[in-house]
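Asker: Sharing run_8.cif (mmCIF, C-alpha atoms and all ligand atoms) below.
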data_my_file
#
loop_
_atom_site.label_atom_id
_atom_site.label_comp_id
_atom_site.auth_asym_id
_atom_site.auth_seq_id
_atom_site.Cartn_x
_atom_site.Cartn_y
_atom_site.Cartn_z
CA MET A 1 -47.11 -42.75 166.79
CA VAL A 2 -47.74 -46.50 166.65
CA ASP A 3 -49.11 -48.42 163.68
CA VAL A 4 -50.41 -51.54 165.43
CA LEU A 5 -51.63 -53.18 162.23
CA THR A 6 -48.15 -53.04 160.67
CA TRP A 7 -46.64 -54.19 163.98
CA HIS A 8 -48.88 -57.28 164.09
CA GLN A 9 -48.81 -58.12 160.40
CA SER A 10 -46.58 -61.21 160.67
CA ILE A 11 -48.69 -62.74 163.49
CA GLN A 12 -52.15 -61.47 162.56
CA ASP A 13 -53.42 -64.93 161.49
CA ARG A 14 -52.32 -66.57 164.73
CA LEU A 15 -53.85 -63.76 166.79
CA GLU A 16 -57.18 -64.09 164.99
CA GLN A 17 -57.19 -67.87 165.41
CA LYS A 18 -56.42 -67.56 169.13
CA ALA A 19 -59.27 -65.09 169.67
CA ILE A 20 -61.66 -67.51 167.95
CA ASP A 21 -60.32 -70.46 169.96
CA VAL A 22 -60.93 -68.65 173.25
CA LEU A 23 -64.43 -67.55 172.16
CA ARG A 24 -65.27 -71.14 171.29
CA SER A 25 -63.75 -72.55 174.50
CA GLY A 26 -66.46 -70.93 176.64
CA ARG A 27 -63.86 -70.16 179.32
CA PHE A 28 -63.21 -66.42 179.74
CA ILE A 29 -61.89 -65.72 183.24
CA MET A 30 -58.99 -67.40 185.08
CA GLY A 31 -58.54 -70.36 182.78
CA GLY A 32 -55.66 -72.04 181.00
CA GLU A 33 -54.59 -69.01 178.95
CA VAL A 34 -54.06 -66.86 182.06
CA ALA A 35 -52.20 -69.69 183.84
CA GLY A 36 -50.10 -70.34 180.72
CA PHE A 37 -49.31 -66.66 180.23
CA GLU A 38 -48.29 -66.20 183.88
CA GLN A 39 -45.94 -69.16 183.64
CA GLU A 40 -44.38 -68.06 180.35
CA VAL A 41 -43.99 -64.42 181.34
CA ALA A 42 -42.37 -65.44 184.67
CA HIS A 43 -39.90 -67.57 182.72
CA TYR A 44 -39.15 -64.76 180.26
CA LEU A 45 -38.71 -62.10 182.93
CA GLY A 46 -36.78 -64.42 185.25
CA CYS A 47 -38.98 -63.92 188.30
CA LYS A 48 -40.43 -66.37 190.78
CA TYR A 49 -44.02 -65.12 190.78
CA ALA A 50 -45.96 -63.39 188.00
CA ILE A 51 -49.52 -62.33 188.80
CA SER A 52 -51.60 -60.84 186.00
CA CYS A 53 -54.24 -58.19 186.64
CA ALA A 54 -56.61 -55.82 184.84
CA ASN A 55 -54.24 -52.97 183.93
CA GLY A 56 -50.92 -51.31 184.74
CA THR A 57 -52.41 -48.87 187.21
CA ASP A 58 -53.88 -51.74 189.22
CA ALA A 59 -50.50 -53.51 189.00
CA LEU A 60 -48.98 -50.48 190.73
CA VAL A 61 -51.75 -50.36 193.37
CA LEU A 62 -51.38 -54.10 194.02
CA SER A 63 -47.57 -53.76 194.23
CA LEU A 64 -47.85 -50.97 196.79
CA HIS A 65 -50.23 -53.12 198.87
CA GLY A 66 -47.87 -56.07 198.45
CA ALA A 67 -45.11 -53.95 199.98
CA GLY A 68 -47.37 -52.95 202.87
CA ILE A 69 -47.56 -49.27 201.84
CA GLY A 70 -50.60 -47.44 203.21
CA PRO A 71 -52.00 -44.24 204.74
CA GLY A 72 -49.40 -41.77 206.00
CA ASP A 73 -46.48 -43.41 204.21
CA GLU A 74 -44.45 -41.29 201.83
CA VAL A 75 -43.46 -42.85 198.53
CA LEU A 76 -40.72 -41.12 196.56
CA THR A 77 -41.08 -41.17 192.81
CA THR A 78 -40.15 -39.18 189.73
CA GLY A 79 -41.84 -35.89 188.87
CA PHE A 80 -41.75 -36.90 185.21
CA THR A 81 -43.97 -39.89 184.49
CA PHE A 82 -47.50 -40.78 183.44
CA PHE A 83 -50.05 -39.64 186.06
CA ALA A 84 -50.95 -43.27 186.94
CA THR A 85 -47.68 -43.70 188.86
CA VAL A 86 -48.65 -41.12 191.48
CA GLU A 87 -52.35 -41.90 191.23
CA ALA A 88 -51.60 -45.46 192.41
CA ILE A 89 -49.64 -44.11 195.38
CA MET A 90 -52.62 -41.96 196.35
CA GLN A 91 -55.09 -44.83 195.80
CA VAL A 92 -53.46 -46.75 198.67
CA GLY A 93 -53.66 -43.65 200.88
CA ALA A 94 -49.95 -42.89 200.72
CA VAL A 95 -48.36 -39.55 199.86
CA PRO A 96 -46.29 -39.19 196.67
CA VAL A 97 -43.10 -37.18 197.02
CA LEU A 98 -41.93 -35.99 193.62
CA VAL A 99 -38.22 -36.02 192.87
CA ASP A 100 -36.45 -34.23 190.03
CA ILE A 101 -34.91 -36.12 187.13
CA ASP A 102 -31.58 -36.47 185.36
CA ALA A 103 -31.78 -34.47 182.10
CA ARG A 104 -29.85 -37.16 180.18
CA THR A 105 -32.03 -40.11 181.15
CA PHE A 106 -35.46 -38.60 181.97
CA ASN A 107 -35.32 -40.86 185.06
CA ILE A 108 -35.19 -40.02 188.76
CA ASP A 109 -31.94 -38.33 189.79
CA PRO A 110 -30.37 -40.45 192.58
CA THR A 111 -28.73 -37.39 194.18
CA GLU A 112 -32.05 -35.55 194.32
CA LEU A 113 -33.69 -38.67 195.72
CA GLU A 114 -31.41 -38.63 198.75
CA ARG A 115 -32.34 -34.96 199.39
CA CYS A 116 -36.10 -35.62 199.42
CA ILE A 117 -36.14 -38.41 202.04
CA THR A 118 -37.97 -37.64 205.31
CA SER A 119 -38.78 -39.62 208.46
CA ARG A 120 -42.11 -40.65 206.84
CA SER A 121 -40.47 -42.09 203.70
CA LYS A 122 -41.28 -45.77 203.25
CA ALA A 123 -40.61 -46.63 199.63
CA VAL A 124 -39.16 -45.52 196.31
CA LEU A 125 -41.24 -46.22 193.20
CA ALA A 126 -38.70 -46.06 190.37
CA VAL A 127 -40.03 -45.60 186.83
CA HIS A 128 -38.06 -46.83 183.81
CA LEU A 129 -39.34 -44.05 181.59
CA PHE A 130 -39.47 -44.45 177.81
CA GLY A 131 -37.91 -47.94 178.20
CA LEU A 132 -34.60 -46.86 179.74
CA PRO A 133 -33.82 -48.50 183.10
CA ALA A 134 -33.46 -46.04 185.98
CA ALA A 135 -30.18 -45.88 187.96
CA ILE A 136 -31.14 -48.91 190.04
CA ARG A 137 -27.75 -49.46 191.70
CA GLU A 138 -27.63 -45.94 193.15
CA ILE A 139 -31.34 -45.98 194.02
CA GLN A 140 -31.04 -49.37 195.74
CA SER A 141 -28.08 -48.21 197.78
CA THR A 142 -30.08 -45.14 198.93
CA CYS A 143 -32.99 -47.45 199.83
CA ASP A 144 -30.67 -49.74 201.80
CA ARG A 145 -29.14 -46.85 203.74
CA HIS A 146 -32.56 -45.44 204.71
CA GLY A 147 -34.52 -48.67 205.12
CA LEU A 148 -36.83 -47.97 202.17
CA VAL A 149 -38.57 -50.54 199.97
CA LEU A 150 -37.80 -50.35 196.26
CA LEU A 151 -40.68 -50.82 193.80
CA GLU A 152 -40.52 -50.57 190.01
CA ASP A 153 -42.96 -49.11 187.49
CA CYS A 154 -42.05 -51.13 184.38
CA ALA A 155 -45.08 -50.06 182.31
CA GLN A 156 -42.72 -48.72 179.62
CA SER A 157 -39.81 -51.12 180.04
CA PHE A 158 -41.02 -54.65 179.26
CA GLY A 159 -37.93 -56.64 178.28
CA ALA A 160 -35.37 -54.00 179.30
CA THR A 161 -32.46 -55.32 181.34
CA TYR A 162 -30.35 -53.70 184.02
CA GLN A 163 -27.07 -55.44 184.87
CA SER A 164 -28.32 -58.51 182.97
CA ARG A 165 -31.56 -58.87 184.93
CA LYS A 166 -34.86 -57.73 183.47
CA THR A 167 -36.46 -54.64 184.99
CA GLY A 168 -39.07 -55.60 187.58
CA ASN A 169 -36.72 -58.04 189.34
CA HIS A 170 -34.67 -55.41 191.17
CA GLY A 171 -37.29 -54.09 193.56
CA LEU A 172 -39.51 -56.03 195.97
CA LEU A 173 -42.24 -55.89 193.31
CA GLY A 174 -42.40 -54.75 189.68
CA ALA A 175 -45.54 -53.53 187.87
CA PHE A 176 -46.17 -53.83 184.11
CA SER A 177 -48.88 -52.61 181.73
CA PHE A 178 -50.18 -54.28 178.57
CA PHE A 179 -51.98 -51.18 177.29
CA PRO A 180 -51.96 -51.62 173.47
CA SER A 181 -49.16 -49.11 172.80
CA LYS A 182 -46.76 -50.57 175.39
CA ASN A 183 -43.84 -52.77 174.27
CA LEU A 184 -45.81 -55.90 175.12
CA GLY A 185 -49.13 -54.37 174.14
CA GLY A 186 -52.38 -56.30 174.38
CA PHE A 187 -55.72 -55.72 172.71
CA GLY A 188 -57.36 -53.82 175.52
CA ASP A 189 -56.23 -53.33 179.11
CA GLY A 190 -53.99 -55.68 181.05
CA GLY A 191 -51.31 -55.62 183.74
CA LEU A 192 -48.84 -57.74 185.66
CA VAL A 193 -47.09 -57.77 189.02
CA ILE A 194 -43.87 -59.71 189.49
CA THR A 195 -41.91 -60.54 192.62
CA HIS A 196 -39.52 -63.06 194.16
CA ASP A 197 -41.12 -62.69 197.60
CA PRO A 198 -43.68 -65.40 198.50
CA GLU A 199 -45.54 -63.22 201.04
CA ALA A 200 -45.87 -60.29 198.64
CA ALA A 201 -47.03 -62.68 195.91
CA LYS A 202 -49.67 -64.15 198.20
CA THR A 203 -51.01 -60.69 199.08
CA VAL A 204 -51.17 -59.55 195.45
CA LYS A 205 -52.83 -62.76 194.29
CA MET A 206 -55.47 -62.48 196.99
CA LEU A 207 -56.15 -58.77 196.44
CA ARG A 208 -56.64 -59.04 192.68
CA ASN A 209 -59.52 -61.43 193.29
CA HIS A 210 -61.69 -59.83 196.02
CA GLY A 211 -59.29 -60.57 198.87
CA SER A 212 -59.94 -64.24 198.41
CA ALA A 213 -57.42 -67.12 198.37
CA SER A 214 -60.10 -69.73 197.79
CA GLN A 215 -63.51 -69.17 196.22
CA TYR A 216 -66.09 -67.48 198.49
CA HIS A 217 -63.66 -67.22 201.39
CA HIS A 218 -62.53 -63.61 201.77
CA GLN A 219 -59.57 -62.73 204.00
CA CYS A 220 -59.76 -59.00 203.34
CA LYS A 221 -61.28 -56.37 201.09
CA GLY A 222 -59.65 -56.53 197.69
CA TYR A 223 -60.29 -55.69 194.05
CA ASN A 224 -61.75 -57.22 190.93
CA SER A 225 -58.59 -56.91 188.85
CA ARG A 226 -58.04 -59.94 186.67
CA LEU A 227 -56.63 -60.39 183.19
CA ASP A 228 -59.10 -62.16 180.90
CA GLU A 229 -58.54 -65.25 178.79
CA ILE A 230 -58.63 -63.50 175.41
CA GLN A 231 -55.98 -60.96 176.48
CA ALA A 232 -53.81 -63.67 178.03
CA GLY A 233 -54.07 -65.88 174.93
CA LEU A 234 -53.12 -63.03 172.61
CA LEU A 235 -50.33 -61.83 174.89
CA ARG A 236 -48.81 -65.34 174.87
CA ILE A 237 -48.38 -65.04 171.11
CA LYS A 238 -46.88 -61.55 171.30
CA LEU A 239 -44.57 -62.64 174.14
CA GLU A 240 -42.95 -65.19 171.78
CA HIS A 241 -41.83 -62.25 169.63
CA ILE A 242 -40.96 -59.66 172.24
CA GLU A 243 -37.18 -59.99 171.80
CA ALA A 244 -37.52 -59.42 168.05
CA PHE A 245 -39.92 -56.51 168.60
CA ASN A 246 -37.55 -54.82 171.05
CA ALA A 247 -34.59 -55.46 168.72
CA GLU A 248 -36.51 -53.69 165.95
CA ARG A 249 -37.10 -50.73 168.26
CA ARG A 250 -33.34 -50.57 168.94
CA GLN A 251 -32.61 -50.66 165.22
CA ILE A 252 -35.05 -47.81 164.56
CA ALA A 253 -33.44 -45.83 167.39
CA GLN A 254 -30.02 -46.35 165.76
CA TRP A 255 -31.38 -45.06 162.45
CA TYR A 256 -32.76 -41.95 164.19
CA ARG A 257 -29.46 -41.40 165.98
CA GLU A 258 -27.44 -41.77 162.78
CA LEU A 259 -29.73 -39.51 160.73
CA LEU A 260 -30.00 -36.89 163.48
CA GLN A 261 -26.30 -36.61 164.27
CA ASP A 262 -25.88 -33.24 162.58
CA SER A 263 -29.23 -31.87 163.72
CA ASP A 264 -29.84 -29.45 166.54
CA VAL A 265 -31.59 -32.01 168.78
CA ILE A 266 -30.43 -34.10 171.72
CA CYS A 267 -31.09 -37.82 171.20
CA PRO A 268 -31.88 -40.20 174.08
CA GLU A 269 -29.13 -42.02 175.96
CA ASP A 270 -27.43 -44.62 173.74
CA CYS A 271 -27.68 -47.73 175.86
CA GLN A 272 -27.96 -51.40 174.91
CA GLU A 273 -30.46 -52.02 177.71
CA HIS A 274 -32.95 -49.43 176.40
CA VAL A 275 -36.13 -50.88 174.83
CA TYR A 276 -37.24 -47.54 173.33
CA HIS A 277 -40.87 -47.49 174.30
CA GLN A 278 -40.41 -43.92 173.09
CA PHE A 279 -37.70 -42.17 171.13
CA THR A 280 -37.75 -38.78 172.79
CA VAL A 281 -35.54 -35.93 171.67
CA VAL A 282 -34.91 -32.57 173.29
CA LEU A 283 -35.24 -29.49 171.07
CA THR A 284 -33.67 -26.11 171.56
CA SER A 285 -36.12 -24.37 169.22
CA ASN A 286 -39.79 -23.69 169.99
CA ARG A 287 -41.08 -27.20 170.61
CA ASP A 288 -44.80 -26.45 170.38
CA ALA A 289 -44.44 -24.69 167.04
CA VAL A 290 -42.30 -27.53 165.65
CA LYS A 291 -44.84 -30.08 166.81
CA GLU A 292 -47.68 -28.14 165.22
CA ARG A 293 -45.89 -27.85 161.87
CA LEU A 294 -44.91 -31.53 161.83
CA THR A 295 -48.47 -32.57 162.65
CA ALA A 296 -49.78 -30.35 159.85
CA ARG A 297 -47.43 -32.16 157.45
CA GLY A 298 -48.76 -35.56 158.52
CA ILE A 299 -45.87 -36.54 160.80
CA ALA A 300 -47.03 -38.01 164.08
CA CYS A 301 -45.22 -36.73 167.14
CA ALA A 302 -46.24 -36.29 170.77
CA VAL A 303 -45.24 -34.59 173.97
CA TYR A 304 -44.70 -36.99 176.85
CA TYR A 305 -45.27 -35.17 179.17
CA PRO A 306 -46.36 -31.55 178.71
CA VAL A 307 -47.09 -30.88 182.39
CA PRO A 308 -44.71 -32.00 185.14
CA LEU A 309 -46.59 -33.66 187.97
CA ASN A 310 -45.98 -30.86 190.46
CA LYS A 311 -48.04 -28.61 188.15
CA GLN A 312 -51.01 -30.99 187.81
CA SER A 313 -54.14 -29.58 189.44
CA ALA A 314 -55.03 -33.04 190.82
CA LEU A 315 -51.84 -32.82 192.86
CA ALA A 316 -52.14 -29.19 193.93
CA LYS A 317 -52.83 -30.20 197.53
CA LEU A 318 -49.67 -32.28 197.87
CA PRO A 319 -47.31 -31.03 200.56
CA GLY A 320 -44.70 -28.85 198.85
CA GLY A 321 -41.79 -31.16 198.19
CA CYS A 322 -38.60 -30.68 196.28
CA GLU A 323 -38.21 -28.30 193.38
CA LEU A 324 -38.34 -29.89 189.92
CA PRO A 325 -36.45 -27.53 187.58
CA VAL A 326 -35.28 -30.30 185.23
CA CYS A 327 -38.80 -31.77 184.91
CA GLU A 328 -40.13 -28.31 184.10
CA GLN A 329 -37.39 -27.62 181.58
CA LEU A 330 -37.79 -30.95 179.74
CA SER A 331 -41.58 -30.76 179.70
CA ARG A 332 -41.14 -27.62 177.56
CA HIS A 333 -38.51 -29.04 175.20
CA CYS A 334 -39.08 -32.78 174.74
CA LEU A 335 -40.68 -34.33 171.67
CA SER A 336 -41.35 -38.02 171.08
CA LEU A 337 -41.06 -39.33 167.51
CA PRO A 338 -42.86 -42.37 166.06
CA ILE A 339 -41.28 -45.73 166.90
CA TYR A 340 -42.80 -49.20 166.62
CA PRO A 341 -41.84 -52.62 165.27
CA GLY A 342 -42.39 -52.64 161.52
CA MET A 343 -41.45 -48.99 161.01
CA THR A 344 -39.14 -48.80 158.00
CA ARG A 345 -35.88 -46.93 157.48
CA GLU A 346 -37.60 -44.92 154.77
CA GLN A 347 -40.24 -43.77 157.25
CA VAL A 348 -37.54 -42.81 159.75
CA GLU A 349 -35.77 -40.84 157.01
CA THR A 350 -38.99 -38.97 156.22
CA VAL A 351 -39.55 -38.06 159.87
CA VAL A 352 -35.96 -36.81 160.21
CA TYR A 353 -36.12 -34.89 156.91
CA MET A 354 -39.31 -33.07 157.99
CA LEU A 355 -38.00 -32.49 161.51
CA ASN A 356 -34.82 -30.90 160.14
CA GLU A 357 -36.91 -28.61 157.95
CA GLU A 358 -39.06 -27.49 160.86
CA ILE A 359 -36.59 -26.94 163.69
C1 LIG B 401 -49.07 -46.83 180.92
C2 LIG B 401 -48.46 -46.50 182.20
C3 LIG B 401 -49.06 -46.81 183.43
C4 LIG B 401 -50.47 -47.31 183.55
O1 LIG B 401 -50.77 -48.43 182.83
P1 LIG B 401 -52.31 -48.72 182.41
O2 LIG B 401 -52.26 -50.12 181.92
O3 LIG B 401 -52.67 -47.74 181.36
O4 LIG B 401 -53.15 -48.58 183.63
C5 LIG B 401 -48.36 -46.55 184.58
N1 LIG B 401 -47.14 -46.00 184.56
C6 LIG B 401 -46.53 -45.66 183.41
C7 LIG B 401 -45.15 -45.07 183.47
C8 LIG B 401 -47.17 -45.87 182.20
O5 LIG B 401 -46.56 -45.52 181.06
#
Step by step, read the file and then write its structure as structure tokens.
Answerer:
Amino acid sequence: MVDVLTWHQSIQDRLEQKAIDVLRSGRFIMGGEVAGFEQEVAHYLGCKYAISCANGTDALVLSLHGAGIGPGDEVLTTGFTFFATVEAIMQVGAVPVLVDIDARTFNIDPTELERCITSRSKAVLAVHLFGLPAAIREIQSTCDRHGLVLLEDCAQSFGATYQSRKTGNHGLLGAFSFFPSKNLGGFGDGGLVITHDPEAAKTVKMLRNHGSASQYHHQCKGYNSRLDEIQAGLLRIKLEHIEAFNAERRQIAQWYRELLQDSDVICPEDCQEHVYHQFTVVLTSNRDAVKERLTARGIACAVYYPVPLNKQSALAKLPGGCELPVCEQLSRHCLSLPIYPGMTREQVETVVYMLNEEI
């Protein structure tokens, strides 16, 4: 799905040199690379505070804590996302309430959201799935009317904008992941929390480092969830190129769209703000059989996600919430095609050619 070596080809020498520099510096935790990365990523995203951490799941957990979400609180989120979104809600003792999605966008349906609110609702955790910003304006207005906090899971939307502000800046806090396959992918695990709120920033900063604001003084129980110097150093280099990388993803998406226009598949929403973490189509034919035949012919493709969250056994004990017919329908018919910076038009043509033969 992602050829990271091709993706990194043009910066491979700089990446290797940076890794060696950090190894030779003798400084591996909370040094100049982390401080530099946090400053540069805050500038790029346009936020006041950027606090790095160990991974995207921790970024979500820290964001929820930063918003004061805890036991007994209900957090509304989409029924169609990676498991970590709801796992983080449960890690802080809160209860996820799964909301159905809009079939066109794969993101939470604002009308459904309104229907699922109860007296215990405290927050909405919006996910910008596949790199397409969720309907923030409608979601924010629902949050305002019901006194809910808005949080954003931006694990798949690094660099995406909504109404000319980057995702992550619309809610009280935004959480990002630097898992290698993400749009700003690192070389191991990494994560980031952003906010404009000084109190929330203070909480997150303290919690990521054992509940401590100054060394060996602990205000509360926290986590060991720091980004390391090697990751930060390498991410600084990739951050310089993120606009070009995301532009390449948009170009590849346009090629897919153009080549698929007469095919029996539904392409993702055509939107300038999309950063195409995935290019996910909806098939009318037997998706599993198509996937199997493509895989057998050496074409990578994947199903994100085959099981809607309401059908996950880990969530079987959740209080029965809203029905998720659209999540269930799309989980049976969606198929993600390869997309990554460095993928050529010829490769896209091959994927489309094979797909057309197999559907
Ligand atoms: C990847 C991802 C996460 C978790 O990030 P990790 O860095 O793997 O912990 C959370 N939410 C979504 C939507 C993701 O895609």
Asker: Give me, as a CSV table (one decimal) with C-alpha atoms, keeping the file's coordinate frame, the set of residues whose atoms come within 6 Å of any atom of ligand LIG 401 (chain B), counting only C-alpha atoms and all ligand atoms.
Answerer:
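Writing the result to selection-v9.csv gives the following:
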chain,number,residue,atom,x,y,z
A,55,ASN,CA,-54.2,-53.0,183.9
A,56,GLY,CA,-50.9,-51.3,184.7
A,57,THR,CA,-52.4,-48.9,187.2
A,81,THR,CA,-44.0,-39.9,184.5
A,82,PHE,CA,-47.5,-40.8,183.4
A,84,ALA,CA,-51.0,-43.3,186.9
A,85,THR,CA,-47.7,-43.7,188.9
A,153,ASP,CA,-43.0,-49.1,187.5
A,155,ALA,CA,-45.1,-50.1,182.3
A,156,GLN,CA,-42.7,-48.7,179.6
A,177,SER,CA,-48.9,-52.6,181.7
A,178,PHE,CA,-50.2,-54.3,178.6
A,179,PHE,CA,-52.0,-51.2,177.3
A,189,ASP,CA,-56.2,-53.3,179.1
A,190,GLY,CA,-54.0,-55.7,181.0
A,191,GLY,CA,-51.3,-55.6,183.7
Asker: Within 9 Å of A:Asp197, counting all atoms listed in the file, which residues show up once you throw out same-chain ones fewer than 2 positions away? Write them as a list of chain:residue names, please.
Answerer: A:Lys48, A:Tyr49, A:Leu172, A:Leu173, A:Thr195, A:Glu199, A:Ala200, A:Ala201, A:Lys202
Asker: Determine, counting only C-alpha atoms, which protein, DNA and RNA residues have an atom within 10 Å of an atom of A:Lys166; residues of the same chain fewer than 5 positions away are not included. Present the result as number ranges by chain.
Answerer: A: 44-47, 133, 154, 157-161, 273
Asker: Find the residues with any atom within 12 Å of (-27.8, -45.5, 195.6); use only C-alpha atoms and the coordinates as given in the file, and write the answer as a ChimeraX atom specification.
Answerer: /A:108-114,124,134-146,148,150
Asker: Do you know which residues lie at most 10 Å from (-38.6, -39.5, 174.2), with coordinates as in the file and only C-alpha atoms counted, and could you write them as a list in words?
Answerer: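 With a cut-off of 10 Å, the residues come to Thr105, Phe106, Leu129, Phe130, Gly131, Cys267, Pro268, Glu269, Tyr276, His277, Gln278, Phe279, Thr280, Val281, Val282, Ala302, Val303, Tyr304, Tyr305, Cys334, Leu335, Ser336, Leu337, Pro338 and Ile339 of chain A.
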Asker: For a quick check of understanding, using only C-alpha atoms, which of A:Asn356, A:Ser164, A:Gln272, A:Ser331 has the smallest distance to A:Arg249?
Answerer: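 For A:Arg249, the nearest of the candidates is A:Gln272.
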Asker: Which residues come within 9 Å of A:Val352, counting only C-alpha atoms, excluding same-chain residues fewer than 6 positions away, as a short mmCIF file (atom, residue, chain, number, x, y, z; two decimals) with C-alpha atoms, in the coordinates of the input?
Answerer:
data_model
loop_
_atom_site.label_atom_id
_atom_site.label_comp_id
_atom_site.auth_asym_id
_atom_site.auth_seq_id
_atom_site.Cartn_x
_atom_site.Cartn_y
_atom_site.Cartn_z
CA TYR A 256 -32.76 -41.95 164.19
CA LEU A 259 -29.73 -39.51 160.73
CA LEU A 260 -30.00 -36.89 163.48
#
Asker: Residues at most 7 Å from stretch 237-246 of chain A, counting only C-alpha atoms, excluding those fewer than 6 positions away in the same chain, as a list in words?
Answerer: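 Final neighbour list, sorted by chain and number: Leu184, Val275 and Pro341 of chain A.
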Asker: Do a neighbour search on A:Leu5 at 12 Å with only C-alpha atoms, toss out local chain neighbours closer than 2 positions, and write the hits as a PDB file with C-alpha atoms, keeping the file's coordinate frame.
Answerer:
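Wrote it out as result01.pdb, contents follow:
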ATOM      1  CA  VAL A   2     -47.740 -46.500 166.650  1.00  0.00           C
ATOM      2  CA  ASP A   3     -49.110 -48.420 163.680  1.00  0.00           C
ATOM      3  CA  TRP A   7     -46.640 -54.190 163.980  1.00  0.00           C
ATOM      4  CA  HIS A   8     -48.880 -57.280 164.090  1.00  0.00           C
ATOM      5  CA  GLN A   9     -48.810 -58.120 160.400  1.00  0.00           C
ATOM      6  CA  SER A  10     -46.580 -61.210 160.670  1.00  0.00           C
ATOM      7  CA  ILE A  11     -48.690 -62.740 163.490  1.00  0.00           C
ATOM      8  CA  GLN A  12     -52.150 -61.470 162.560  1.00  0.00           C
ATOM      9  CA  ASP A  13     -53.420 -64.930 161.490  1.00  0.00           C
ATOM     10  CA  LEU A  15     -53.850 -63.760 166.790  1.00  0.00           C
ATOM     11  CA  PRO A 180     -51.960 -51.620 173.470  1.00  0.00           C
ATOM     12  CA  SER A 181     -49.160 -49.110 172.800  1.00  0.00           C
ATOM     13  CA  PHE A 187     -55.720 -55.720 172.710  1.00  0.00           C
ATOM     14  CA  TYR A 340     -42.800 -49.200 166.620  1.00  0.00           C
ATOM     15  CA  PRO A 341     -41.840 -52.620 165.270  1.00  0.00           C
ATOM     16  CA  GLY A 342     -42.390 -52.640 161.520  1.00  0.00           C
ATOM     17  CA  MET A 343     -41.450 -48.990 161.010  1.00  0.00           C
TER      18      MET A 343
END
Asker: Rank nothing, just name the residue among A:Ile299, A:Leu132, A:Ala54, A:Val351 nearest to A:Arg104, using only C-alpha atoms.
Answerer: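 Looking only at the distances to A:Arg104, the closest residue turns out to be A:Leu132.
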Asker: Point out the residue among A:Ala300, A:Val149, A:His217, A:Val97 with the least atom-to-atom distance to A:Gly72, counting only C-alpha atoms.
Answerer: A:Val97
Asker: So the first atom is atom CA of A:Val92 and the second is atom CA of A:Ala126; what is the distance between them in Å, to one decimal place?
Answerer: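 Distance between the two atoms: 16.9 Å.
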Asker: Please report the interatomic distance between atom CA of A:Asn169 and atom CA of A:Glu152 in Å with one decimal.
Answerer: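 Separating atom CA of A:Asn169 from atom CA of A:Glu152 is a distance of 8.4 Å.
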Asker: Taking into account all atoms listed in the file, which residue in the set A:Asp228, A:Asn209, A:Leu235, A:His65 is nearest to A:Lys182?
Answerer: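 Looking at the shortest contact to A:Lys182, the residue is A:Leu235.
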Asker: Please measure the separation of atom CA of A:Gln347 and atom CA of A:Leu330, giving the value in Å to one decimal.
Answerer: 26.0 Å
Asker: Nearest to A:His196 among A:Ala42, A:Val326, A:Arg287, A:Leu64, with distances taken over all atoms listed in the file: which residue is it?
Answerer: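 With all atoms listed in the file as the atom set, the closest residue is A:Ala42.
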